[in-house]
$ cat model_4.cif   # mmCIF, C-alpha atoms and all ligand atoms
data_target
loop_
_atom_site.label_atom_id
_atom_site.label_comp_id
_atom_site.auth_asym_id
_atom_site.auth_seq_id
_atom_site.Cartn_x
_atom_site.Cartn_y
_atom_site.Cartn_z
CA MET G 248 0.00 0.00 0.00
CA PRO G 249 1.41 3.40 -0.89
CA ALA G 250 1.59 5.79 2.01
CA TYR G 251 -0.06 8.41 -0.12
CA ALA G 252 -3.15 7.66 -2.23
CA PRO G 253 -3.92 10.29 -4.87
CA ASP G 254 -7.55 11.18 -5.60
CA SER G 255 -7.36 9.68 -9.03
CA VAL G 256 -5.05 7.49 -11.06
CA ILE G 257 -4.22 8.00 -14.73
CA ILE G 258 -4.92 4.80 -16.62
CA PRO G 259 -3.48 4.58 -20.12
CA SER G 260 -6.09 3.67 -22.71
CA SER G 261 -5.37 1.79 -25.92
CA ALA G 262 -8.05 3.39 -28.10
CA PRO G 263 -8.63 7.13 -27.85
CA HIS G 264 -11.82 8.67 -26.58
CA GLY G 265 -12.83 11.96 -28.11
CA PHE G 266 -15.33 14.79 -28.03
CA LEU G 267 -17.64 16.69 -30.34
CA ILE G 268 -18.50 19.95 -28.61
CA ASP G 269 -21.20 22.40 -29.64
CA MET G 270 -20.19 26.02 -29.05
CA ASP G 271 -23.15 28.38 -28.59
CA GLY G 272 -24.77 27.60 -25.24
CA VAL G 273 -21.96 25.23 -24.23
CA VAL G 274 -18.74 27.24 -24.43
CA TYR G 275 -20.16 30.74 -24.71
CA ARG G 276 -23.40 32.68 -24.81
CA GLY G 277 -23.17 35.63 -27.15
CA ASN G 278 -19.83 37.20 -26.23
CA GLN G 279 -19.76 35.71 -22.75
CA LEU G 280 -17.55 32.72 -21.99
CA ILE G 281 -19.37 30.09 -19.92
CA PRO G 282 -17.41 29.45 -16.69
CA GLY G 283 -15.55 26.13 -16.77
CA ALA G 284 -15.26 25.99 -20.56
CA GLU G 285 -11.66 27.16 -20.63
CA ARG G 286 -10.62 24.58 -18.02
CA PHE G 287 -12.38 21.76 -19.91
CA ILE G 288 -10.69 22.62 -23.22
CA THR G 289 -7.29 23.03 -21.53
CA ASP G 290 -7.71 19.55 -20.06
CA LEU G 291 -8.50 18.11 -23.49
CA LEU G 292 -5.36 19.71 -24.91
CA ASP G 293 -3.17 18.66 -21.95
CA LEU G 294 -4.44 15.08 -22.10
CA ASP G 295 -4.06 15.03 -25.88
CA LEU G 296 -7.68 13.91 -26.35
CA PRO G 297 -9.11 14.36 -29.86
CA PHE G 298 -11.93 16.88 -30.15
CA PHE G 299 -13.83 19.12 -32.53
CA PHE G 300 -15.94 22.16 -31.90
CA LEU G 301 -18.95 21.12 -33.95
CA THR G 302 -21.08 24.03 -35.12
CA ASN G 303 -24.19 24.46 -37.24
CA ASN G 304 -23.15 28.03 -37.97
CA SER G 305 -21.99 28.20 -41.60
CA GLN G 306 -21.16 31.92 -41.51
CA ARG G 307 -17.66 31.75 -40.11
CA THR G 308 -14.55 30.10 -41.53
CA ARG G 309 -12.42 27.88 -39.30
CA ARG G 310 -10.06 30.81 -38.79
CA ASP G 311 -12.94 33.14 -37.86
CA VAL G 312 -14.06 30.64 -35.23
CA VAL G 313 -10.52 30.31 -33.82
CA THR G 314 -10.33 34.10 -33.56
CA LYS G 315 -13.70 34.38 -31.83
CA LEU G 316 -12.72 31.69 -29.32
CA HIS G 317 -9.33 33.29 -28.73
CA ARG G 318 -10.96 36.63 -27.92
CA LEU G 319 -13.13 34.83 -25.39
CA GLY G 320 -10.07 33.24 -23.79
CA ILE G 321 -9.93 29.81 -25.45
CA THR G 322 -6.89 29.08 -27.58
CA VAL G 323 -7.31 26.28 -30.11
CA GLU G 324 -6.24 25.69 -33.71
CA GLU G 325 -8.16 25.53 -36.98
CA LYS G 326 -7.86 21.75 -36.88
CA HIS G 327 -10.16 21.77 -33.85
CA ILE G 328 -13.09 23.35 -35.74
CA PHE G 329 -15.66 21.45 -37.78
CA THR G 330 -18.49 23.53 -39.25
CA CYS G 331 -21.62 22.55 -41.16
CA ALA G 332 -20.23 24.62 -44.05
CA MET G 333 -17.23 22.27 -44.24
CA ALA G 334 -19.47 19.24 -43.94
CA THR G 335 -21.73 20.54 -46.72
CA ALA G 336 -18.87 21.36 -49.09
CA ARG G 337 -17.21 17.97 -48.57
CA PHE G 338 -20.52 16.20 -49.03
CA LEU G 339 -21.19 17.99 -52.33
CA ALA G 340 -17.63 17.30 -53.52
CA SER G 341 -18.22 13.59 -52.90
CA GLN G 342 -21.66 13.62 -54.56
CA LYS G 343 -20.65 15.65 -57.61
CA PRO G 344 -16.96 16.59 -57.84
CA GLY G 345 -16.25 19.96 -59.44
CA GLY G 346 -19.89 21.06 -59.39
CA THR G 347 -21.48 24.48 -59.26
CA ALA G 348 -23.57 26.16 -56.58
CA PHE G 349 -25.74 29.22 -56.13
CA VAL G 350 -25.14 30.21 -52.53
CA ILE G 351 -27.18 32.10 -50.00
CA GLY G 352 -24.66 32.47 -47.19
CA GLU G 353 -21.44 34.10 -46.11
CA GLY G 354 -17.67 33.63 -46.02
CA GLY G 355 -17.54 30.34 -44.18
CA LEU G 356 -19.73 28.62 -46.72
CA LEU G 357 -18.24 30.25 -49.82
CA ASN G 358 -14.72 29.44 -48.63
CA ALA G 359 -15.53 25.82 -47.87
CA LEU G 360 -17.11 25.32 -51.30
CA HIS G 361 -14.10 26.85 -53.08
CA GLU G 362 -11.70 24.74 -51.03
CA ASN G 363 -13.58 21.64 -52.13
CA GLY G 364 -13.42 22.39 -55.82
CA TYR G 365 -16.78 24.09 -56.26
CA SER G 366 -17.54 27.13 -58.38
CA VAL G 367 -20.03 29.64 -57.06
CA VAL G 368 -22.30 30.78 -59.91
CA ASP G 369 -25.42 32.89 -60.32
CA HIS G 370 -27.19 30.98 -63.03
CA ASP G 371 -27.90 27.34 -63.88
CA PRO G 372 -26.21 25.78 -60.80
CA ASP G 373 -26.09 22.07 -59.90
CA TYR G 374 -27.09 22.99 -56.36
CA VAL G 375 -28.77 25.80 -54.48
CA VAL G 376 -26.98 25.86 -51.12
CA ILE G 377 -28.52 27.67 -48.17
CA GLY G 378 -26.55 28.86 -45.15
CA GLU G 379 -27.18 31.74 -42.82
CA GLY G 380 -26.18 35.30 -42.74
CA ARG G 381 -27.60 38.76 -42.86
CA ALA G 382 -26.82 39.44 -46.51
CA VAL G 383 -29.86 37.61 -47.85
CA THR G 384 -32.30 39.63 -49.95
CA TYR G 385 -35.75 38.89 -51.30
CA GLU G 386 -34.30 38.95 -54.80
CA MET G 387 -31.82 36.19 -53.88
CA MET G 388 -34.67 34.09 -52.53
CA GLU G 389 -36.59 34.57 -55.79
CA ARG G 390 -33.61 33.43 -57.80
CA ALA G 391 -33.04 30.42 -55.56
CA ILE G 392 -36.68 29.39 -55.96
CA ARG G 393 -36.57 29.68 -59.76
CA MET G 394 -33.34 27.68 -59.90
CA VAL G 395 -34.82 24.87 -57.79
CA LEU G 396 -37.91 24.85 -60.01
CA SER G 397 -35.58 24.58 -63.01
CA GLY G 398 -33.92 21.47 -61.57
CA ALA G 399 -31.15 22.63 -59.21
CA LYS G 400 -30.92 20.42 -56.09
CA LEU G 401 -31.73 22.13 -52.79
CA ILE G 402 -29.12 21.71 -50.03
CA ALA G 403 -29.39 23.12 -46.50
CA THR G 404 -26.28 23.54 -44.36
CA ASN G 405 -28.63 23.04 -41.39
CA LEU G 406 -32.29 23.35 -40.44
CA ASP G 407 -31.98 25.37 -37.23
CA PRO G 408 -35.12 27.54 -37.13
CA THR G 409 -33.40 30.44 -35.36
CA CYS G 410 -29.93 31.78 -34.49
CA PRO G 411 -29.18 33.26 -31.08
CA THR G 412 -27.68 36.76 -31.11
CA GLN G 413 -26.80 39.33 -28.46
CA ASP G 414 -30.17 41.03 -28.99
CA GLY G 415 -32.35 37.93 -29.21
CA LEU G 416 -33.22 35.43 -31.93
CA ARG G 417 -33.04 35.99 -35.65
CA PRO G 418 -34.32 33.69 -38.43
CA GLY G 419 -31.97 30.75 -38.96
CA CYS G 420 -31.08 28.71 -42.02
CA GLY G 421 -34.11 26.47 -41.47
CA ALA G 422 -36.46 29.43 -41.82
CA LEU G 423 -34.95 30.40 -45.19
CA VAL G 424 -35.05 26.80 -46.36
CA ALA G 425 -38.72 26.49 -45.36
CA MET G 426 -39.55 29.47 -47.56
CA ILE G 427 -37.92 27.83 -50.59
CA GLU G 428 -39.44 24.44 -49.82
CA THR G 429 -42.92 25.92 -49.54
CA ALA G 430 -42.59 27.88 -52.77
CA THR G 431 -41.15 24.99 -54.79
CA GLY G 432 -42.72 21.91 -53.22
CA ARG G 433 -39.21 20.37 -53.07
CA LYS G 434 -37.56 19.13 -49.88
CA ALA G 435 -34.03 20.20 -49.01
CA PHE G 436 -31.34 17.74 -48.01
CA SER G 437 -29.73 19.00 -44.82
CA VAL G 438 -26.12 18.22 -43.91
CA GLY G 439 -25.65 19.88 -40.49
CA LYS G 440 -26.43 18.43 -37.06
CA PRO G 441 -28.35 16.15 -36.49
CA SER G 442 -27.67 14.78 -39.99
CA ALA G 443 -25.56 11.65 -39.92
CA VAL G 444 -23.48 13.15 -42.75
CA MET G 445 -21.93 15.75 -40.47
CA MET G 446 -22.01 13.74 -37.24
CA ARG G 447 -20.21 10.79 -38.83
CA ALA G 448 -17.73 12.85 -40.88
CA ALA G 449 -16.52 14.62 -37.73
CA ARG G 450 -16.10 11.38 -35.79
CA LYS G 451 -14.23 9.68 -38.63
CA GLU G 452 -11.89 12.61 -39.10
CA LEU G 453 -10.94 12.35 -35.41
CA GLY G 454 -10.27 8.63 -35.89
CA LEU G 455 -12.77 7.60 -33.20
CA ASP G 456 -15.12 4.65 -32.73
CA ALA G 457 -18.77 5.55 -32.11
CA ILE G 458 -18.65 4.09 -28.60
CA ARG G 459 -15.65 6.28 -27.74
CA THR G 460 -17.28 9.48 -28.97
CA THR G 461 -19.00 11.95 -26.65
CA MET G 462 -21.24 14.72 -27.99
CA ILE G 463 -21.74 17.69 -25.67
CA GLY G 464 -24.50 20.14 -26.61
CA ASP G 465 -27.35 22.32 -25.41
CA THR G 466 -29.93 21.58 -28.11
CA MET G 467 -32.10 18.45 -28.10
CA GLU G 468 -33.12 18.65 -31.80
CA THR G 469 -29.54 18.81 -33.10
CA ASP G 470 -26.71 17.89 -30.70
CA ILE G 471 -28.54 15.30 -28.65
CA LEU G 472 -30.63 13.79 -31.47
CA GLY G 473 -27.50 13.47 -33.62
CA GLY G 474 -25.57 11.84 -30.78
CA VAL G 475 -28.41 9.40 -30.03
CA GLN G 476 -28.83 8.44 -33.68
CA LEU G 477 -25.13 7.81 -34.22
CA GLY G 478 -24.68 5.84 -30.99
CA TYR G 479 -22.43 8.42 -29.31
CA ARG G 480 -22.61 9.29 -25.63
CA ALA G 481 -24.82 12.39 -25.61
CA ILE G 482 -24.42 14.94 -22.81
CA LEU G 483 -26.91 17.79 -22.46
CA VAL G 484 -25.75 20.97 -20.77
CA LEU G 485 -28.45 23.26 -19.37
CA SER G 486 -26.37 26.42 -19.91
CA GLY G 487 -27.97 27.14 -23.28
CA GLY G 488 -31.41 26.87 -24.83
CA THR G 489 -32.81 23.82 -23.01
CA SER G 490 -34.20 23.51 -19.50
CA ARG G 491 -34.90 20.33 -17.55
CA GLU G 492 -38.67 20.87 -18.02
CA ASP G 493 -38.28 20.86 -21.81
CA LEU G 494 -37.12 17.23 -21.80
CA ALA G 495 -40.65 15.88 -21.31
CA ALA G 496 -41.50 16.91 -24.87
CA PHE G 497 -38.90 14.58 -26.41
CA ALA G 498 -39.15 10.84 -27.10
CA TYR G 499 -35.36 10.44 -26.74
CA ARG G 500 -33.08 11.51 -23.93
CA PRO G 501 -29.42 12.32 -23.43
CA ASP G 502 -27.14 9.88 -21.58
CA MET G 503 -26.23 12.56 -19.07
CA ILE G 504 -27.56 15.99 -18.06
CA VAL G 505 -25.42 18.61 -16.30
CA ASP G 506 -25.94 22.27 -15.47
CA SER G 507 -22.89 23.30 -17.49
CA ILE G 508 -19.55 22.20 -18.89
CA ALA G 509 -18.05 23.17 -15.51
CA ASP G 510 -19.57 19.95 -14.12
CA LEU G 511 -17.71 17.72 -16.58
CA SER G 512 -14.25 16.18 -16.26
CA ALA G 513 -12.54 15.43 -19.56
CA ALA G 514 -10.29 12.80 -18.00
CA GLU G 515 -13.20 11.02 -16.33
CA LEU G 516 -15.37 11.05 -19.47
CA ALA G 517 -12.48 9.68 -21.49
CA GLY G 518 -12.06 6.85 -19.01
CA LEU G 519 -8.60 8.02 -17.97
CA THR G 520 -9.25 8.34 -14.26
CA ARG G 521 -10.97 6.40 -11.56
CA SER G 522 -11.49 7.12 -7.92
CA ALA G 523 -8.73 5.80 -5.70
CA PRO G 524 -9.85 2.84 -3.57
MG MG Z 601 -25.79 25.29 -29.07
#
$ encode --input "model_4.cif" --output "structure tokens"
Amino acid sequence: MPAYAPDSVIIPSSAPHGFLIDMDGVVYRGNQLIPGAERFITDLLDLDLPFFFLTNNSQRTRRDVVTKLHRLGITVEEKHIFTCAMATARFLASQKPGGTAFVIGEGGLLNALHENGYSVVDHDPDYVVIGEGRAVTYEMMERAIRMVLSGAKLIATNLDPTCPTQDGLRPGCGALVAMIETATGRKAFSVGKPSAVMMRAARKELGLDAIRTTMIGDTMETDILGGVQLGYRAILVLSGGTSREDLAAFAYRPDMIVDSIADLSAAELAGLTRSAP
């Protein structure tokens, strides 16, 4: 028996355990860092655990996201960011390499499409791709609708009905998509959370097995549903848009519910520590 028993013991693990972490409502709210987030991410980096920030916001590039996080006090690299814009662009590149797209969206989406060999055009596109942003005009919506009616395929980066902002909610990608769907009678294919396309792509890029993947999020319809469908451990944090009372409305549940990321231990979740006897 050692004279001194530490609180926990580091146990080496053969296969890595990793994390997919939503940002808004988990790591920050607006421009406010959520207490405990910095410590959790530092632990992931120190323990060399694979992780992605997994976001349904297609507006920002990976670099934009890194900058936003850095200003909030979290220092990560571009390789730690996985956006629905990236997932959408990679998906389209695999479906139709070198295709064309009419885009309603901003830098993050345009960049991702270019990086994946797509041309952004304003007539006769293979795809109409919808992201979010504040640059959308009624005229762009008209054009998108006519293109879809002429045979362009309708792709949504995500179907989130709203986006949180400092001043309250604004219409999200899902609201724009609904307008086009209603006008055309065509259904969009959505790539962002909870779509298996994005959830699986992120896990595979981290080199993880499904049973060693933990999804941490604040939204039942995206983060938790995606995690449940893909067989990941799904952890709901109550620091964002969901309260404990809301859970009764859902036919699925997360594996774990905590008030915030401050209540989570990266080492424990990754199976690296156990209580000393
Ligand atoms: Mg969120």
$ closest_atom_pairs --input "model_4.cif" --of "segment 264-303 of chain G" --to "segment 512-518 of chain G" --cutoff "8 Å" --atoms "only C-alpha atoms" --output "Markdown table"
| residue | atom | partner | partner_atom | distance |
| --- | --- | --- | --- | --- |
| G:His264 | CA | G:Ala517 | CA | 5.2 |
| G:Gly265 | CA | G:Ala517 | CA | 7.0 |
| G:Phe287 | CA | G:Ala513 | CA | 6.3 |
| G:Asp290 | CA | G:Ala513 | CA | 6.4 |
| G:Leu291 | CA | G:Ala513 | CA | 6.2 |
| G:Leu294 | CA | G:Ala514 | CA | 7.5 |
$ residues_near_ligand --input "model_4.cif" --ligand "ligand MG 601 (chain Z)" --cutoff "10 Å" --atoms "all atoms listed in the file" --output "VMD selection string"
chain G and resid 268 to 276 301 to 304 410 to 411 463 to 467 469 to 470 484 486 to 489
$ closest_residue --input "model_4.cif" --among "G:Thr412, G:Ser442, G:Asn278, G:Ser397" --to "Ala334 of chain G" --atoms "all atoms listed in the file"
G:Ser442
$ atom_distance --input "model_4.cif" --atom1 "atom CA of Lys315 of chain G" --atom2 "atom CA of Ala481 of chain G"
25.4 Å
$ closest_residue --input "model_4.cif" --among "G:Glu492, G:Glu468, G:Asp510, G:Asp369" --to "Pro282 of chain G" --atoms "only C-alpha atoms"
G:Asp510
$ closest_residue --input "model_4.cif" --among "G:Ile458, G:Leu319, G:Leu406, G:Leu357" --to "Ala284 of chain G" --atoms "all atoms listed in the file"
G:Leu319
$ atom_distance --input "model_4.cif" --atom1 "atom CA of Pro408 of chain G" --atom2 "atom CA of Gly421 of chain G"
4.6 Å
$ residues_around --input "model_4.cif" --residues "Thr404 of chain G" --least-positions-apart "3" --cutoff "10 Å" --atoms "all atoms listed in the file" --output "list in words"
Asn303, Asn304, Ser305, Thr330, Cys331, Ala332, Met333, Ala334, Thr335, Ala336, Gly352, Leu356, Val376, Ile377, Gly378, Glu379, Asp407, Cys420, Gly421, Val424, Ala435, Phe436, Ser437, Val438, Gly439, Lys440, Ser442 and Met445 of chain G
$ atom_distance --input "model_4.cif" --atom1 "atom CA of Ile504 of chain G" --atom2 "atom CA of Tyr479 of chain G"
14.5 Å
